[in-house]
Amino acid sequence: MEIVCYRTIRIREGSYEYAMIHKIESFIRTNSKKIKSQILFSMILLTIFITTALSVVIYSISKNRIEDNYKKTYENNLKAFSDVIDLKLYHTIDLIRITVGDSNFLNILSAKNQEYSNSTGTYYDTSLSKRLDSIFMNVESQNLMIDGIFIFDESGRYYKRIRGGQNSSAYLKYYNWDGMASYQWMKEAEEKKGREIFYGYDILDPEGNQNVISVIKDIVNPATLQSQGQIVVHLNKSFLRSSLLKNDGNFKTDTLMVIDERAPDVVVYQTGDVQYSEDIKNRYFHAQGKDDPQYLFTSRTNTVTGWKIVNGIAKSDLSRDSSYIGMVSLIAAAALVVICTFISDFISKKINKPLRKLEIVINQVKEGKRHIVEKFDNSEIGKIGGLLKETVNNNLELKEQLLSLQVKEREAELQLLQAQINPHFLYNTLDSIYCMAMIDKEDRIADMVSALSDTFKISLNNGKQVIHIQEEIKYIEKYMTIQNIRYEQRFDLILEIEEDIEELFMIKFILQPFIENSMYHGLEPKIGKGYIELKGEQIEGDIYFTISDNGVGMKDVEEIKKGFGVTNVIDRIHLFYGEEYGIQVESEYGVGTKVEIRIPVMVGENSPRSEEGKNEYTGCN
């Protein structure tokens with residue numbers, strides 16, 4: 001059988017082409033239905049996975065975003081609420097400070113009762129009490145937040161003033177106070193040295209009135225700096241009610257608390273639905289500042305009172321919107337799966353159709369049809385069908401090309417062998433010139449030819465890239481011998497190479513370009529003789545070569561790096577040893593140039609070491 005594609009090719013049974021076509025045909029027949037099912041199943045599975053993951057991500061992101069937005073909003077609200085409290089309390093604090101610091105008030109505290117001969121009464125006499133009433137009536141008129149004022153002086157006297165309509169029986173016990181007993185809050189007030197202390201409850205009757213807070217201040221005489229007693233001011237909690245943090249009805253569990261941490265589990269002020277607020281309060285005290293899995297807490301410490309303002313809300317209350325978003329996402333995902341199922345079925349059929357056409361083409365190829373009537377689209381399978389004909393046809397052409405390449409490869413090997421013969425011819429020719437120079441007693445020509453021959457031998461070095469350091473030095477010596485013959489001994493070569501490094505290895509031809517630069521660009525323009533000094537030493541695991549000359553120097557040291565030879569050396573050092581190794585150049589115009597080369601220590605090589613004396617010039621026999 002045969003197929004026509006540009007030319008007739010006979011496909012023999014058992015050949016590589018026949019086996020290839022048979023395998024393709026078998027694969028298409030066996031897997032065309034499987035491919036369709038796999039594409040359909042894979043696309044449906046991928047759609048389900050993507051939509052489910054997307055729904056989970058959307059729900060999680062929306063939940064976290066809602067919580068973050070709520071927390072940021074309430075952080076601002078709590079700051080505003082705290083600022084409102086500060087503004088209201090600043091006025092009260094200033095009023096109390098002015099009052100207790102007034103000389104008239106201090107004179108009353110230091111005055112003795114005139115109605116008692118022994119002046120040891122536990123309360124102020126009528127005249128002093130009236131004077132205190134006059135002072136505090138003025139204070140009450142200036143600040144409607146004040147519900148009561150109490151004085152405990154150093155003489156053991158007690159004074160109280162309460163707004164009308166309030167029960168004062170709970171405070172009668174303090175008339176029996178003799179000044180000897182000291183309450184805990186008195187000690188705290190004395191320790192504060194006149195600074196106000198705020199308690200979130202009635203410090204004088206903790207089990208009684210829950211509608212007031214207590215402000216305590218130690219009364220200090222500014223003249224003597226001595227304590228003259230304590231003043232307790234009751235403020236009505238109504239000042240804590242603020243329109244800034246009213247529950248707007250969007251959340252059922254939204255709760256605001258003002259907590260005085262001096263009295264554990266005591267809430268100064270609280271808003272929200274009682275059904276939820278008590279549980280939120282208990283959860284907050286139980287969490288003790290840690291994250292709670294059920295509730296979201298936001299807090300801020302008030303600067304004046306030291307109280308903590310806390311907002312709490314159930315996370316489930318916040319997640320209602322995110323749950324709705326998640327439900328909508330799942331419904332949309334389910335609808336998307338159904339739609340993608342129909343789309344996947346359509347796509348799988350479309351993909352499978354070219355496979356059926358490809359099977360027809362395979363049969364036509366096997367039958368040797370001269371014309372392929374099937375047409376393919378620009379899809380990958382369509383391109384396979386179009387290129388299949390060219391693949392079989394070109395196979396024979398590739399075989400012919402392979403044969404041609406094999407012939408050319410053999411020719412290249414012969415040329416390489418011929419090229420390897422040329423250096424030996426060069427060495428023999430140089431030996432003949434050397435012998436003729438010796439016979440004619442031309443010693444300078446003989447020396448130059450000998451040095452040149454040795455230079456070629458060292459440079460070729462049997463094709464090795466790594467040589468002993470002493471071989472590189474020997475090459476430089478031969479090179480300088482040739483140049484000194486040419487320039488009539490104008491150049492001195494000074495070698496200071498440590499013996500320990502001569503048997504170490506290095507890549508060849510990294511010193512010679514700098515020796516050549518020193519000679520041609522440094523010493524040749526110089527009038528008179530000059531020298532090139534080469535030092536080699538090992539320092540801390542690295543080898544340093546220093547090449548110095550007393551030539552004309554350079555104005556710009558970067559010029560030396562522009563030359564091909566130097567650039568080649570730098571690239572070879574970086575490629576062979578690494579970027580951390582290389583050269584450094586210093587030059588002073590009119591004085592000379594110094595080049596430092598740094599390479600690592602090498603104690604071995606990949607290619608075998610040349611035999612002793614192998615590269616030495618043997619002379620004439």
# chains A, B, ... in the order shown; residues from 1 in each chain; ligands from 1

$ select_by_dssp --residues "range 211-301 of chain A" --states "alpha helix (DSSP H)" --output "mmCIF file with N, CA, C and O atoms, in the first residue's frame"
data_model
loop_
_atom_site.group_PDB
_atom_site.id
_atom_site.type_symbol
_atom_site.label_atom_id
_atom_site.label_comp_id
_atom_site.auth_asym_id
_atom_site.auth_seq_id
_atom_site.Cartn_x
_atom_site.Cartn_y
_atom_site.Cartn_z
ATOM 1 N N VAL A 274 -31.275 43.022 77.762
ATOM 2 C CA VAL A 274 -30.894 42.266 78.961
ATOM 3 C C VAL A 274 -30.779 40.782 78.659
ATOM 4 O O VAL A 274 -29.962 40.063 79.257
ATOM 5 N N GLN A 275 -31.596 40.306 77.696
ATOM 6 C CA GLN A 275 -31.590 38.896 77.335
ATOM 7 C C GLN A 275 -30.206 38.434 76.888
ATOM 8 O O GLN A 275 -29.820 37.284 77.095
ATOM 9 N N TYR A 276 -29.433 39.340 76.277
ATOM 10 C CA TYR A 276 -28.106 38.991 75.765
ATOM 11 C C TYR A 276 -26.974 39.662 76.538
ATOM 12 O O TYR A 276 -25.861 39.123 76.618
ATOM 13 N N SER A 277 -27.217 40.847 77.096
ATOM 14 C CA SER A 277 -26.139 41.629 77.696
ATOM 15 C C SER A 277 -25.519 40.947 78.909
ATOM 16 O O SER A 277 -24.313 41.034 79.123
ATOM 17 N N GLU A 278 -26.329 40.251 79.712
ATOM 18 C CA GLU A 278 -25.767 39.580 80.872
ATOM 19 C C GLU A 278 -24.803 38.467 80.454
ATOM 20 O O GLU A 278 -23.746 38.287 81.046
ATOM 21 N N ASP A 279 -25.213 37.707 79.429
ATOM 22 C CA ASP A 279 -24.336 36.639 78.946
ATOM 23 C C ASP A 279 -23.054 37.207 78.352
ATOM 24 O O ASP A 279 -21.966 36.667 78.559
ATOM 25 N N ILE A 280 -23.156 38.317 77.611
ATOM 26 C CA ILE A 280 -21.975 38.952 77.029
ATOM 27 C C ILE A 280 -21.052 39.457 78.124
ATOM 28 O O ILE A 280 -19.816 39.315 78.041
ATOM 29 N N LYS A 281 -21.640 40.032 79.187
ATOM 30 C CA LYS A 281 -20.822 40.514 80.295
ATOM 31 C C LYS A 281 -20.060 39.359 80.946
ATOM 32 O O LYS A 281 -18.850 39.452 81.199
ATOM 33 N N ASN A 282 -20.748 38.253 81.202
ATOM 34 C CA ASN A 282 -20.089 37.105 81.841
ATOM 35 C C ASN A 282 -19.004 36.514 80.938
ATOM 36 O O ASN A 282 -17.935 36.119 81.420
ATOM 37 N N ARG A 283 -19.279 36.475 79.635
ATOM 38 C CA ARG A 283 -18.286 35.936 78.703
ATOM 39 C C ARG A 283 -17.042 36.821 78.643
ATOM 40 O O ARG A 283 -15.920 36.344 78.525
ATOM 41 N N TYR A 284 -17.234 38.137 78.769
ATOM 42 C CA TYR A 284 -16.096 39.053 78.718
ATOM 43 C C TYR A 284 -15.196 38.850 79.938
ATOM 44 O O TYR A 284 -13.976 38.755 79.810
ATOM 45 N N PHE A 285 -15.803 38.768 81.126
ATOM 46 C CA PHE A 285 -14.994 38.563 82.323
ATOM 47 C C PHE A 285 -14.335 37.193 82.317
ATOM 48 O O PHE A 285 -13.225 37.015 82.826
ATOM 49 N N HIS A 286 -14.983 36.205 81.699
ATOM 50 C CA HIS A 286 -14.407 34.858 81.637
ATOM 51 C C HIS A 286 -13.232 34.819 80.655
ATOM 52 O O HIS A 286 -12.242 34.121 80.887
ATOM 53 N N ALA A 287 -13.343 35.568 79.548
ATOM 54 C CA ALA A 287 -12.282 35.565 78.528
ATOM 55 C C ALA A 287 -11.017 36.224 79.031
ATOM 56 O O ALA A 287 -9.909 35.846 78.641
#

$ residues_around --residues "Ser168 in chain A" --least-positions-apart "6" --cutoff "12 Å" --atoms "only C-alpha atoms" --output "PyMOL selection string"
chain A and resi 147-150+160-162+174-175+204-205+208-209

$ write_last_selection --atoms "N, CA, C and O atoms" --output "PDB file, in the first residue's frame"
ATOM      1  N   ASP A 147     -24.457  64.611  92.779  1.00  0.00           N
ATOM      2  CA  ASP A 147     -25.586  64.184  93.604  1.00  0.00           C
ATOM      3  C   ASP A 147     -25.284  64.265  95.097  1.00  0.00           C
ATOM      4  O   ASP A 147     -26.199  64.241  95.915  1.00  0.00           O
ATOM      5  N   GLY A 148     -24.021  64.292  95.465  1.00  0.00           N
ATOM      6  CA  GLY A 148     -23.692  64.345  96.882  1.00  0.00           C
ATOM      7  C   GLY A 148     -22.241  64.686  97.085  1.00  0.00           C
ATOM      8  O   GLY A 148     -21.396  64.397  96.238  1.00  0.00           O
ATOM      9  N   ILE A 149     -21.954  65.355  98.261  1.00  0.00           N
ATOM     10  CA  ILE A 149     -20.594  65.726  98.630  1.00  0.00           C
ATOM     11  C   ILE A 149     -20.383  65.331 100.082  1.00  0.00           C
ATOM     12  O   ILE A 149     -21.221  65.619 100.949  1.00  0.00           O
ATOM     13  N   PHE A 150     -19.249  64.690 100.378  1.00  0.00           N
ATOM     14  CA  PHE A 150     -18.949  64.205 101.719  1.00  0.00           C
ATOM     15  C   PHE A 150     -17.531  64.629 102.074  1.00  0.00           C
ATOM     16  O   PHE A 150     -16.629  64.545 101.242  1.00  0.00           O
ATOM     17  N   LYS A 160     -21.842  65.868 105.184  1.00  0.00           N
ATOM     18  CA  LYS A 160     -22.476  65.343 103.979  1.00  0.00           C
ATOM     19  C   LYS A 160     -23.495  66.341 103.475  1.00  0.00           C
ATOM     20  O   LYS A 160     -24.114  67.086 104.225  1.00  0.00           O
ATOM     21  N   ARG A 161     -23.620  66.311 102.127  1.00  0.00           N
ATOM     22  CA  ARG A 161     -24.665  67.113 101.490  1.00  0.00           C
ATOM     23  C   ARG A 161     -25.180  66.308 100.299  1.00  0.00           C
ATOM     24  O   ARG A 161     -24.422  65.937  99.408  1.00  0.00           O
ATOM     25  N   ILE A 162     -26.494  66.043 100.295  1.00  0.00           N
ATOM     26  CA  ILE A 162     -27.115  65.215  99.262  1.00  0.00           C
ATOM     27  C   ILE A 162     -28.248  66.011  98.644  1.00  0.00           C
ATOM     28  O   ILE A 162     -28.967  66.743  99.329  1.00  0.00           O
ATOM     29  N   TYR A 174     -21.557  57.195 109.360  1.00  0.00           N
ATOM     30  CA  TYR A 174     -20.276  57.896 109.357  1.00  0.00           C
ATOM     31  C   TYR A 174     -20.210  59.013 110.397  1.00  0.00           C
ATOM     32  O   TYR A 174     -19.142  59.563 110.644  1.00  0.00           O
ATOM     33  N   TYR A 175     -21.412  59.343 111.023  1.00  0.00           N
ATOM     34  CA  TYR A 175     -21.381  60.316 112.141  1.00  0.00           C
ATOM     35  C   TYR A 175     -20.716  59.715 113.360  1.00  0.00           C
ATOM     36  O   TYR A 175     -20.295  60.444 114.266  1.00  0.00           O
ATOM     37  N   LEU A 204     -19.151  54.754  99.551  1.00  0.00           N
ATOM     38  CA  LEU A 204     -19.601  54.848 100.946  1.00  0.00           C
ATOM     39  C   LEU A 204     -20.707  53.845 101.259  1.00  0.00           C
ATOM     40  O   LEU A 204     -20.882  53.472 102.418  1.00  0.00           O
ATOM     41  N   ASP A 205     -21.448  53.435 100.243  1.00  0.00           N
ATOM     42  CA  ASP A 205     -22.522  52.457 100.433  1.00  0.00           C
ATOM     43  C   ASP A 205     -22.546  51.515  99.222  1.00  0.00           C
ATOM     44  O   ASP A 205     -23.421  51.619  98.361  1.00  0.00           O
ATOM     45  N   GLY A 208     -25.758  49.867  98.290  1.00  0.00           N
ATOM     46  CA  GLY A 208     -26.931  50.735  98.222  1.00  0.00           C
ATOM     47  C   GLY A 208     -27.159  51.338  96.848  1.00  0.00           C
ATOM     48  O   GLY A 208     -27.412  50.632  95.877  1.00  0.00           O
ATOM     49  N   ASN A 209     -27.014  52.634  96.766  1.00  0.00           N
ATOM     50  CA  ASN A 209     -27.340  53.387  95.561  1.00  0.00           C
ATOM     51  C   ASN A 209     -26.457  52.949  94.393  1.00  0.00           C
ATOM     52  O   ASN A 209     -25.231  53.054  94.446  1.00  0.00           O
TER      53      ASN A 209
END

$ closest_atom_pairs --of "range 527-592 of chain A" --to "range 472-486 of chain A" --cutoff "12 Å" --atoms "only C-alpha atoms" --output "CSV"
residue,atom,partner,partner_atom,distance
A:Lys529,CA,A:Asn484,CA,10.9
A:Gly530,CA,A:Asn484,CA,11.3
A:Tyr531,CA,A:Met480,CA,11.1
A:Ile532,CA,A:Met480,CA,9.9
A:Glu533,CA,A:Ile476,CA,11.7
A:Leu534,CA,A:Ile473,CA,9.3
A:Lys535,CA,A:Ile473,CA,10.6
A:Gly536,CA,A:Ile473,CA,10.0
A:Phe545,CA,A:Ile473,CA,11.2
A:Ile547,CA,A:Ile476,CA,12.0

$ write_last_selection --atoms "N, CA and C atoms" --output "PDB file, in the first residue's frame"
ATOM      1  N   LYS A 529      65.336  51.516  30.328  1.00  0.00           N
ATOM      2  CA  LYS A 529      64.952  50.182  30.772  1.00  0.00           C
ATOM      3  C   LYS A 529      63.790  50.247  31.760  1.00  0.00           C
ATOM      4  N   GLY A 530      63.143  49.093  31.885  1.00  0.00           N
ATOM      5  CA  GLY A 530      62.047  48.972  32.835  1.00  0.00           C
ATOM      6  C   GLY A 530      61.977  47.563  33.376  1.00  0.00           C
ATOM      7  N   TYR A 531      61.124  47.380  34.368  1.00  0.00           N
ATOM      8  CA  TYR A 531      61.025  46.048  34.959  1.00  0.00           C
ATOM      9  C   TYR A 531      59.557  45.661  35.125  1.00  0.00           C
ATOM     10  N   ILE A 532      59.378  44.344  35.125  1.00  0.00           N
ATOM     11  CA  ILE A 532      58.062  43.767  35.465  1.00  0.00           C
ATOM     12  C   ILE A 532      58.296  42.799  36.613  1.00  0.00           C
ATOM     13  N   GLU A 533      57.579  43.008  37.705  1.00  0.00           N
ATOM     14  CA  GLU A 533      57.750  42.167  38.893  1.00  0.00           C
ATOM     15  C   GLU A 533      56.504  41.299  39.071  1.00  0.00           C
ATOM     16  N   LEU A 534      56.713  39.974  39.197  1.00  0.00           N
ATOM     17  CA  LEU A 534      55.611  39.033  39.386  1.00  0.00           C
ATOM     18  C   LEU A 534      55.810  38.335  40.722  1.00  0.00           C
ATOM     19  N   LYS A 535      54.830  38.511  41.621  1.00  0.00           N
ATOM     20  CA  LYS A 535      54.851  37.862  42.937  1.00  0.00           C
ATOM     21  C   LYS A 535      53.699  36.857  43.012  1.00  0.00           C
ATOM     22  N   GLY A 536      53.957  35.744  43.679  1.00  0.00           N
ATOM     23  CA  GLY A 536      52.911  34.739  43.893  1.00  0.00           C
ATOM     24  C   GLY A 536      52.995  34.206  45.306  1.00  0.00           C
ATOM     25  N   PHE A 545      48.406  36.652  42.920  1.00  0.00           N
ATOM     26  CA  PHE A 545      49.468  37.039  42.004  1.00  0.00           C
ATOM     27  C   PHE A 545      49.446  38.559  41.868  1.00  0.00           C
ATOM     28  N   ILE A 547      51.254  41.653  39.736  1.00  0.00           N
ATOM     29  CA  ILE A 547      52.079  42.040  38.583  1.00  0.00           C
ATOM     30  C   ILE A 547      52.265  43.552  38.625  1.00  0.00           C
TER      31      ILE A 547
END

$ residues_around --residues "Tyr520 in chain A" --least-positions-apart "5" --cutoff "12 Å" --atoms "only C-alpha atoms" --output "count of residues only"
16

$ residues_around --residues "Phe505 in chain A" --least-positions-apart "2" --cutoff "10 Å" --atoms "only C-alpha atoms" --output "number ranges by chain"
A: 466-472, 501-503, 507-508, 600-605, 609

$ closest_residue --among "A:Ser155, A:Asn138, A:Asn176, A:Thr305" --to "Lys88 in chain A" --atoms "only C-alpha atoms"
A:Thr305

$ atom_distance --atom1 "CA of Val84 in chain A" --atom2 "CA of Asn250 in chain A"
24.1 Å

$ residues_around --residues "Gly565 in chain A" --least-positions-apart "4" --cutoff "12 Å" --atoms "only C-alpha atoms" --output "number ranges by chain"
A: 509-517, 560-561, 569-572

$ select_by_dssp --residues "range 81-186 of chain A" --states "strand (DSSP E)" --output "list in words"
Ile146, Asp147, Gly148, Ile149, Phe150, Ile151, Phe152, Asp153, Tyr158, Tyr159, Lys160, Arg161 and Ile162 of chain A

$ residues_around --residues "range 335-343 of chain A" --least-positions-apart "4" --cutoff "8 Å" --atoms "only C-alpha atoms" --output "PyMOL selection string"
chain A and resi 40+43-44+47-48+51+331+347

$ closest_residue --among "A:Ala332, A:Val449, A:Leu109, A:Leu296" --to "Glu67 in chain A" --atoms "only C-alpha atoms"
A:Leu296

$ residues_around --residues "range 123-134 of chain A" --least-positions-apart "4" --cutoff "7 Å" --atoms "only C-alpha atoms" --output "PDB file with N, CA and C atoms, in the first residue's frame"
ATOM      1  N   ILE A 108     -12.185  76.594 106.883  1.00  0.00           N
ATOM      2  CA  ILE A 108     -13.289  75.912 107.555  1.00  0.00           C
ATOM      3  C   ILE A 108     -12.811  74.563 108.102  1.00  0.00           C
ATOM      4  N   ASN A 113     -14.811  73.666 116.192  1.00  0.00           N
ATOM      5  CA  ASN A 113     -16.225  73.885 116.517  1.00  0.00           C
ATOM      6  C   ASN A 113     -16.323  74.788 117.740  1.00  0.00           C
ATOM      7  N   GLU A 115     -19.309  75.398 119.276  1.00  0.00           N
ATOM      8  CA  GLU A 115     -20.451  74.995 120.105  1.00  0.00           C
ATOM      9  C   GLU A 115     -20.065  73.935 121.124  1.00  0.00           C
ATOM     10  N   ASN A 138     -23.174  76.395  95.734  1.00  0.00           N
ATOM     11  CA  ASN A 138     -22.636  77.040  94.541  1.00  0.00           C
ATOM     12  C   ASN A 138     -22.038  75.991  93.596  1.00  0.00           C
ATOM     13  N   ARG A 157     -14.051  64.888 111.894  1.00  0.00           N
ATOM     14  CA  ARG A 157     -15.405  65.404 111.638  1.00  0.00           C
ATOM     15  C   ARG A 157     -15.889  64.929 110.263  1.00  0.00           C
ATOM     16  N   TYR A 158     -17.179  64.823 110.152  1.00  0.00           N
ATOM     17  CA  TYR A 158     -17.824  64.282 108.953  1.00  0.00           C
ATOM     18  C   TYR A 158     -18.911  65.256 108.506  1.00  0.00           C
ATOM     19  N   TYR A 159     -18.938  65.514 107.163  1.00  0.00           N
ATOM     20  CA  TYR A 159     -19.941  66.410 106.600  1.00  0.00           C
ATOM     21  C   TYR A 159     -20.507  65.746 105.347  1.00  0.00           C
ATOM     22  N   TYR A 175     -21.412  59.343 111.023  1.00  0.00           N
ATOM     23  CA  TYR A 175     -21.381  60.316 112.141  1.00  0.00           C
ATOM     24  C   TYR A 175     -20.716  59.715 113.360  1.00  0.00           C
TER      25      TYR A 175
END

$ atom_distance --atom1 "CA of Val310 in chain A" --atom2 "CA of Phe297 in chain A"
6.8 Å

$ atom_distance --atom1 "CA of Phe49 in chain A" --atom2 "CA of Ser62 in chain A"
19.7 Å
